[in-house]
Amino acid sequence: MDRNLLKIRRIKPEDARAWYLLASKVWRDAYAHIFPEEVFAEKDNRVEEKAKAFVDTMKNDDKNIAYVAEYDGEIIGIMCGSINSAYERFNSDYADLGALYVDSKYQGLGIGSAFKNIFEQWATENGAARYVIGVLKDNTKARAVYEAWGGKLYEFEEVFVKFGVGYPEVFYTYDLQKE
């Protein structure tokens with residue numbers, strides 16, 4: 001990989017379609033052993049619909065953050081989060097790193113860590129003392145990364161429901177306070 005061709009930047013409105021296409025691809029790669037095909041088909045079929053609402057949902061301000069990683073002009077990674085967690089158990093006590101996806105061809109090159117560092121700096125600057133990442137329990141690859149980053153497995157699990165089927169979700173918490 002030519003590092004000169006890698007760029008990490010804030011999202012732009014024109015990133016909408018590529019954002020959701022990448023999210024669908026990464027879901028398929030990461031969750032093929034967990035979800036049935038109908039989950040991926042539904043996600044693929046909603047790309048255009050979600051892209052239309054992109055500018056309303058993806059923002060960079062003091063409450064929300066969204067970045068992409070580009071390699072040679074192609075979006076290969078996405079990250080978004082908010083200052084208040086969407087998870088009821090964590091809500092206003094935690095910032096939420098809501099999505100961090102990197103194309104499987106580019107994993108292991110530090111892109112996810114770069115996204116994490118950008119998120120942590122932003123969350124700290126906006127008053128967060130800690131944050132949470134939710135992940136499907138059976139996504140062992142992502143869980144290993146979150147543990148390597150120093151995440152503490154929270155004792156609570158939640159059920160993520162897709163097409164009437166529940167999938168256990170676990171949470172990793174991180175302190176932003178420097179000791």
# chains A, B, ... in the order shown; residues from 1 in each chain; ligands from 1
>>> residues_around(residues="Arg17 (chain A)", least_positions_apart="6", cutoff="7 Å", atoms="only C-alpha atoms", output="list in words")
Val47, Glu48 and Ala51 of chain A
>>> select_by_dssp(residues="region 35-133 of chain A", states="strand (DSSP E)", output="list in words")
Asn64, Ile65, Ala66, Tyr67, Val68, Ala69, Glu70, Tyr71, Glu74, Ile75, Ile76, Gly77, Ile78, Met79, Cys80, Gly81, Ser82, Ala95, Asp96, Leu97, Gly98, Ala99, Leu100, Tyr101, Val102, Arg130, Tyr131, Val132 and Ile133 of chain A
>>> residues_around(residues="Asn84 (chain A)", least_positions_apart="4", cutoff="9 Å", atoms="only C-alpha atoms", output="list in words")
Lys63, Asn64, Phe90, Asn91, Ser92, Asp93, Tyr94, Ala95, Asp96, Ala128 and Tyr131 of chain A
>>> closest_atom_pairs(of="region 25-81 of chain A", to="region 107-124 of chain A", cutoff="8 Å", atoms="only C-alpha atoms", output="JSON lines")
{"residue": "A:Ile65", "atom": "CA", "partner": "A:Phe119", "partner_atom": "CA", "distance": 7.5}
{"residue": "A:Tyr67", "atom": "CA", "partner": "A:Phe115", "partner_atom": "CA", "distance": 7.7}
{"residue": "A:Ala69", "atom": "CA", "partner": "A:Ile111", "partner_atom": "CA", "distance": 7.4}
{"residue": "A:Gly77", "atom": "CA", "partner": "A:Ile111", "partner_atom": "CA", "distance": 7.5}
{"residue": "A:Met79", "atom": "CA", "partner": "A:Phe115", "partner_atom": "CA", "distance": 6.5}
{"residue": "A:Gly81", "atom": "CA", "partner": "A:Phe119", "partner_atom": "CA", "distance": 7.4}
>>> write_last_selection(atoms="N, CA and C atoms", output="short mmCIF file (atom, residue, chain, number, x, y, z; two decimals), in the first residue's frame")
data_model
loop_
_atom_site.label_atom_id
_atom_site.label_comp_id
_atom_site.auth_asym_id
_atom_site.auth_seq_id
_atom_site.Cartn_x
_atom_site.Cartn_y
_atom_site.Cartn_z
N ILE A 65 -19.80 12.95 14.67
CA ILE A 65 -18.57 12.92 13.87
C ILE A 65 -18.72 11.85 12.80
N TYR A 67 -16.22 10.35 9.40
CA TYR A 67 -15.01 10.42 8.57
C TYR A 67 -14.99 9.25 7.59
N ALA A 69 -12.02 6.98 5.05
CA ALA A 69 -10.65 6.74 4.61
C ALA A 69 -10.75 6.45 3.11
N GLY A 77 -12.87 2.96 4.10
CA GLY A 77 -13.16 2.90 5.52
C GLY A 77 -14.10 4.02 5.90
N MET A 79 -16.18 5.84 9.53
CA MET A 79 -16.31 5.93 10.98
C MET A 79 -17.31 7.01 11.31
N GLY A 81 -19.74 8.57 14.92
CA GLY A 81 -20.06 8.45 16.33
C GLY A 81 -20.82 9.67 16.80
#
>>> decode(residues="region 82-122 of chain A", atoms="N, CA and C atoms", output="PDB file, in the first residue's frame")
ATOM      1  N   SER A  82     -21.188   9.630  18.060  1.00  0.00           N
ATOM      2  CA  SER A  82     -21.903  10.757  18.659  1.00  0.00           C
ATOM      3  C   SER A  82     -21.434  10.972  20.086  1.00  0.00           C
ATOM      4  N   ILE A  83     -21.698  12.162  20.582  1.00  0.00           N
ATOM      5  CA  ILE A  83     -21.261  12.503  21.933  1.00  0.00           C
ATOM      6  C   ILE A  83     -22.127  11.820  22.987  1.00  0.00           C
ATOM      7  N   ASN A  84     -23.358  11.464  22.624  1.00  0.00           N
ATOM      8  CA  ASN A  84     -24.247  10.728  23.524  1.00  0.00           C
ATOM      9  C   ASN A  84     -24.593   9.389  22.898  1.00  0.00           C
ATOM     10  N   SER A  85     -24.393   8.325  23.651  1.00  0.00           N
ATOM     11  CA  SER A  85     -24.651   6.995  23.117  1.00  0.00           C
ATOM     12  C   SER A  85     -26.123   6.782  22.802  1.00  0.00           C
ATOM     13  N   ALA A  86     -26.369   6.050  21.726  1.00  0.00           N
ATOM     14  CA  ALA A  86     -27.726   5.669  21.342  1.00  0.00           C
ATOM     15  C   ALA A  86     -28.221   4.495  22.195  1.00  0.00           C
ATOM     16  N   TYR A  87     -27.324   3.831  22.880  1.00  0.00           N
ATOM     17  CA  TYR A  87     -27.706   2.704  23.731  1.00  0.00           C
ATOM     18  C   TYR A  87     -28.293   3.228  25.039  1.00  0.00           C
ATOM     19  N   GLU A  88     -29.474   2.772  25.372  1.00  0.00           N
ATOM     20  CA  GLU A  88     -30.173   3.249  26.560  1.00  0.00           C
ATOM     21  C   GLU A  88     -29.331   3.083  27.829  1.00  0.00           C
ATOM     22  N   ARG A  89     -28.633   1.984  27.931  1.00  0.00           N
ATOM     23  CA  ARG A  89     -27.830   1.702  29.121  1.00  0.00           C
ATOM     24  C   ARG A  89     -26.689   2.710  29.297  1.00  0.00           C
ATOM     25  N   PHE A  90     -26.214   3.286  28.212  1.00  0.00           N
ATOM     26  CA  PHE A  90     -25.050   4.180  28.264  1.00  0.00           C
ATOM     27  C   PHE A  90     -25.410   5.647  28.079  1.00  0.00           C
ATOM     28  N   ASN A  91     -26.403   5.947  27.282  1.00  0.00           N
ATOM     29  CA  ASN A  91     -26.902   7.281  26.918  1.00  0.00           C
ATOM     30  C   ASN A  91     -25.923   8.426  27.148  1.00  0.00           C
ATOM     31  N   SER A  92     -26.296   9.412  27.959  1.00  0.00           N
ATOM     32  CA  SER A  92     -25.496  10.636  28.072  1.00  0.00           C
ATOM     33  C   SER A  92     -24.205  10.462  28.869  1.00  0.00           C
ATOM     34  N   ASP A  93     -24.004   9.304  29.488  1.00  0.00           N
ATOM     35  CA  ASP A  93     -22.773   9.093  30.247  1.00  0.00           C
ATOM     36  C   ASP A  93     -21.585   8.688  29.366  1.00  0.00           C
ATOM     37  N   TYR A  94     -21.876   8.281  28.141  1.00  0.00           N
ATOM     38  CA  TYR A  94     -20.834   7.791  27.250  1.00  0.00           C
ATOM     39  C   TYR A  94     -20.988   8.392  25.856  1.00  0.00           C
ATOM     40  N   ALA A  95     -19.863   8.711  25.245  1.00  0.00           N
ATOM     41  CA  ALA A  95     -19.871   8.958  23.804  1.00  0.00           C
ATOM     42  C   ALA A  95     -19.995   7.587  23.148  1.00  0.00           C
ATOM     43  N   ASP A  96     -20.347   7.564  21.883  1.00  0.00           N
ATOM     44  CA  ASP A  96     -20.634   6.300  21.206  1.00  0.00           C
ATOM     45  C   ASP A  96     -19.890   6.253  19.878  1.00  0.00           C
ATOM     46  N   LEU A  97     -18.940   5.324  19.763  1.00  0.00           N
ATOM     47  CA  LEU A  97     -18.286   5.078  18.480  1.00  0.00           C
ATOM     48  C   LEU A  97     -19.195   4.102  17.747  1.00  0.00           C
ATOM     49  N   GLY A  98     -20.151   4.666  17.003  1.00  0.00           N
ATOM     50  CA  GLY A  98     -21.267   3.902  16.450  1.00  0.00           C
ATOM     51  C   GLY A  98     -20.924   3.007  15.283  1.00  0.00           C
ATOM     52  N   ALA A  99     -19.986   3.386  14.462  1.00  0.00           N
ATOM     53  CA  ALA A  99     -19.603   2.564  13.312  1.00  0.00           C
ATOM     54  C   ALA A  99     -18.142   2.806  12.989  1.00  0.00           C
ATOM     55  N   LEU A 100     -17.436   1.722  12.768  1.00  0.00           N
ATOM     56  CA  LEU A 100     -16.054   1.786  12.334  1.00  0.00           C
ATOM     57  C   LEU A 100     -15.847   0.580  11.432  1.00  0.00           C
ATOM     58  N   TYR A 101     -15.875   0.820  10.126  1.00  0.00           N
ATOM     59  CA  TYR A 101     -15.769  -0.253   9.149  1.00  0.00           C
ATOM     60  C   TYR A 101     -14.610   0.021   8.204  1.00  0.00           C
ATOM     61  N   VAL A 102     -13.804  -1.007   7.974  1.00  0.00           N
ATOM     62  CA  VAL A 102     -12.696  -0.924   7.022  1.00  0.00           C
ATOM     63  C   VAL A 102     -12.814  -2.124   6.081  1.00  0.00           C
ATOM     64  N   ASP A 103     -12.733  -1.851   4.783  1.00  0.00           N
ATOM     65  CA  ASP A 103     -12.771  -2.910   3.781  1.00  0.00           C
ATOM     66  C   ASP A 103     -11.752  -3.985   4.176  1.00  0.00           C
ATOM     67  N   SER A 104     -12.146  -5.252   4.067  1.00  0.00           N
ATOM     68  CA  SER A 104     -11.285  -6.352   4.513  1.00  0.00           C
ATOM     69  C   SER A 104      -9.924  -6.357   3.812  1.00  0.00           C
ATOM     70  N   LYS A 105      -9.842  -5.837   2.588  1.00  0.00           N
ATOM     71  CA  LYS A 105      -8.553  -5.784   1.873  1.00  0.00           C
ATOM     72  C   LYS A 105      -7.575  -4.817   2.539  1.00  0.00           C
ATOM     73  N   TYR A 106      -8.084  -3.909   3.364  1.00  0.00           N
ATOM     74  CA  TYR A 106      -7.236  -2.876   3.961  1.00  0.00           C
ATOM     75  C   TYR A 106      -7.167  -2.973   5.490  1.00  0.00           C
ATOM     76  N   GLN A 107      -7.689  -4.042   6.045  1.00  0.00           N
ATOM     77  CA  GLN A 107      -7.630  -4.206   7.490  1.00  0.00           C
ATOM     78  C   GLN A 107      -6.210  -4.574   7.915  1.00  0.00           C
ATOM     79  N   GLY A 108      -5.861  -4.202   9.136  1.00  0.00           N
ATOM     80  CA  GLY A 108      -4.541  -4.504   9.657  1.00  0.00           C
ATOM     81  C   GLY A 108      -3.471  -3.505   9.266  1.00  0.00           C
ATOM     82  N   LEU A 109      -3.874  -2.398   8.650  1.00  0.00           N
ATOM     83  CA  LEU A 109      -2.912  -1.381   8.207  1.00  0.00           C
ATOM     84  C   LEU A 109      -2.941  -0.121   9.070  1.00  0.00           C
ATOM     85  N   GLY A 110      -3.721  -0.153  10.148  1.00  0.00           N
ATOM     86  CA  GLY A 110      -3.777   0.989  11.054  1.00  0.00           C
ATOM     87  C   GLY A 110      -4.886   1.979  10.777  1.00  0.00           C
ATOM     88  N   ILE A 111      -5.737   1.711   9.799  1.00  0.00           N
ATOM     89  CA  ILE A 111      -6.811   2.645   9.469  1.00  0.00           C
ATOM     90  C   ILE A 111      -7.828   2.707  10.602  1.00  0.00           C
ATOM     91  N   GLY A 112      -8.214   1.559  11.140  1.00  0.00           N
ATOM     92  CA  GLY A 112      -9.144   1.531  12.267  1.00  0.00           C
ATOM     93  C   GLY A 112      -8.585   2.263  13.473  1.00  0.00           C
ATOM     94  N   SER A 113      -7.309   2.065  13.750  1.00  0.00           N
ATOM     95  CA  SER A 113      -6.669   2.766  14.878  1.00  0.00           C
ATOM     96  C   SER A 113      -6.640   4.270  14.644  1.00  0.00           C
ATOM     97  N   ALA A 114      -6.415   4.678  13.411  1.00  0.00           N
ATOM     98  CA  ALA A 114      -6.431   6.118  13.095  1.00  0.00           C
ATOM     99  C   ALA A 114      -7.828   6.689  13.336  1.00  0.00           C
ATOM    100  N   PHE A 115      -8.861   5.956  12.892  1.00  0.00           N
ATOM    101  CA  PHE A 115     -10.238   6.386  13.151  1.00  0.00           C
ATOM    102  C   PHE A 115     -10.494   6.490  14.659  1.00  0.00           C
ATOM    103  N   LYS A 116     -10.068   5.489  15.398  1.00  0.00           N
ATOM    104  CA  LYS A 116     -10.270   5.483  16.857  1.00  0.00           C
ATOM    105  C   LYS A 116      -9.611   6.711  17.484  1.00  0.00           C
ATOM    106  N   ASN A 117      -8.401   7.021  17.064  1.00  0.00           N
ATOM    107  CA  ASN A 117      -7.690   8.180  17.620  1.00  0.00           C
ATOM    108  C   ASN A 117      -8.403   9.490  17.288  1.00  0.00           C
ATOM    109  N   ILE A 118      -8.913   9.608  16.058  1.00  0.00           N
ATOM    110  CA  ILE A 118      -9.668  10.806  15.672  1.00  0.00           C
ATOM    111  C   ILE A 118     -10.920  10.920  16.541  1.00  0.00           C
ATOM    112  N   PHE A 119     -11.625   9.808  16.710  1.00  0.00           N
ATOM    113  CA  PHE A 119     -12.841   9.817  17.524  1.00  0.00           C
ATOM    114  C   PHE A 119     -12.521  10.203  18.969  1.00  0.00           C
ATOM    115  N   GLU A 120     -11.491   9.597  19.544  1.00  0.00           N
ATOM    116  CA  GLU A 120     -11.139   9.889  20.938  1.00  0.00           C
ATOM    117  C   GLU A 120     -10.780  11.355  21.137  1.00  0.00           C
ATOM    118  N   GLN A 121     -10.023  11.923  20.219  1.00  0.00           N
ATOM    119  CA  GLN A 121      -9.668  13.342  20.333  1.00  0.00           C
ATOM    120  C   GLN A 121     -10.926  14.205  20.259  1.00  0.00           C
ATOM    121  N   TRP A 122     -11.794  13.924  19.288  1.00  0.00           N
ATOM    122  CA  TRP A 122     -13.037  14.677  19.130  1.00  0.00           C
ATOM    123  C   TRP A 122     -13.917  14.538  20.377  1.00  0.00           C
TER     124      TRP A 122
END
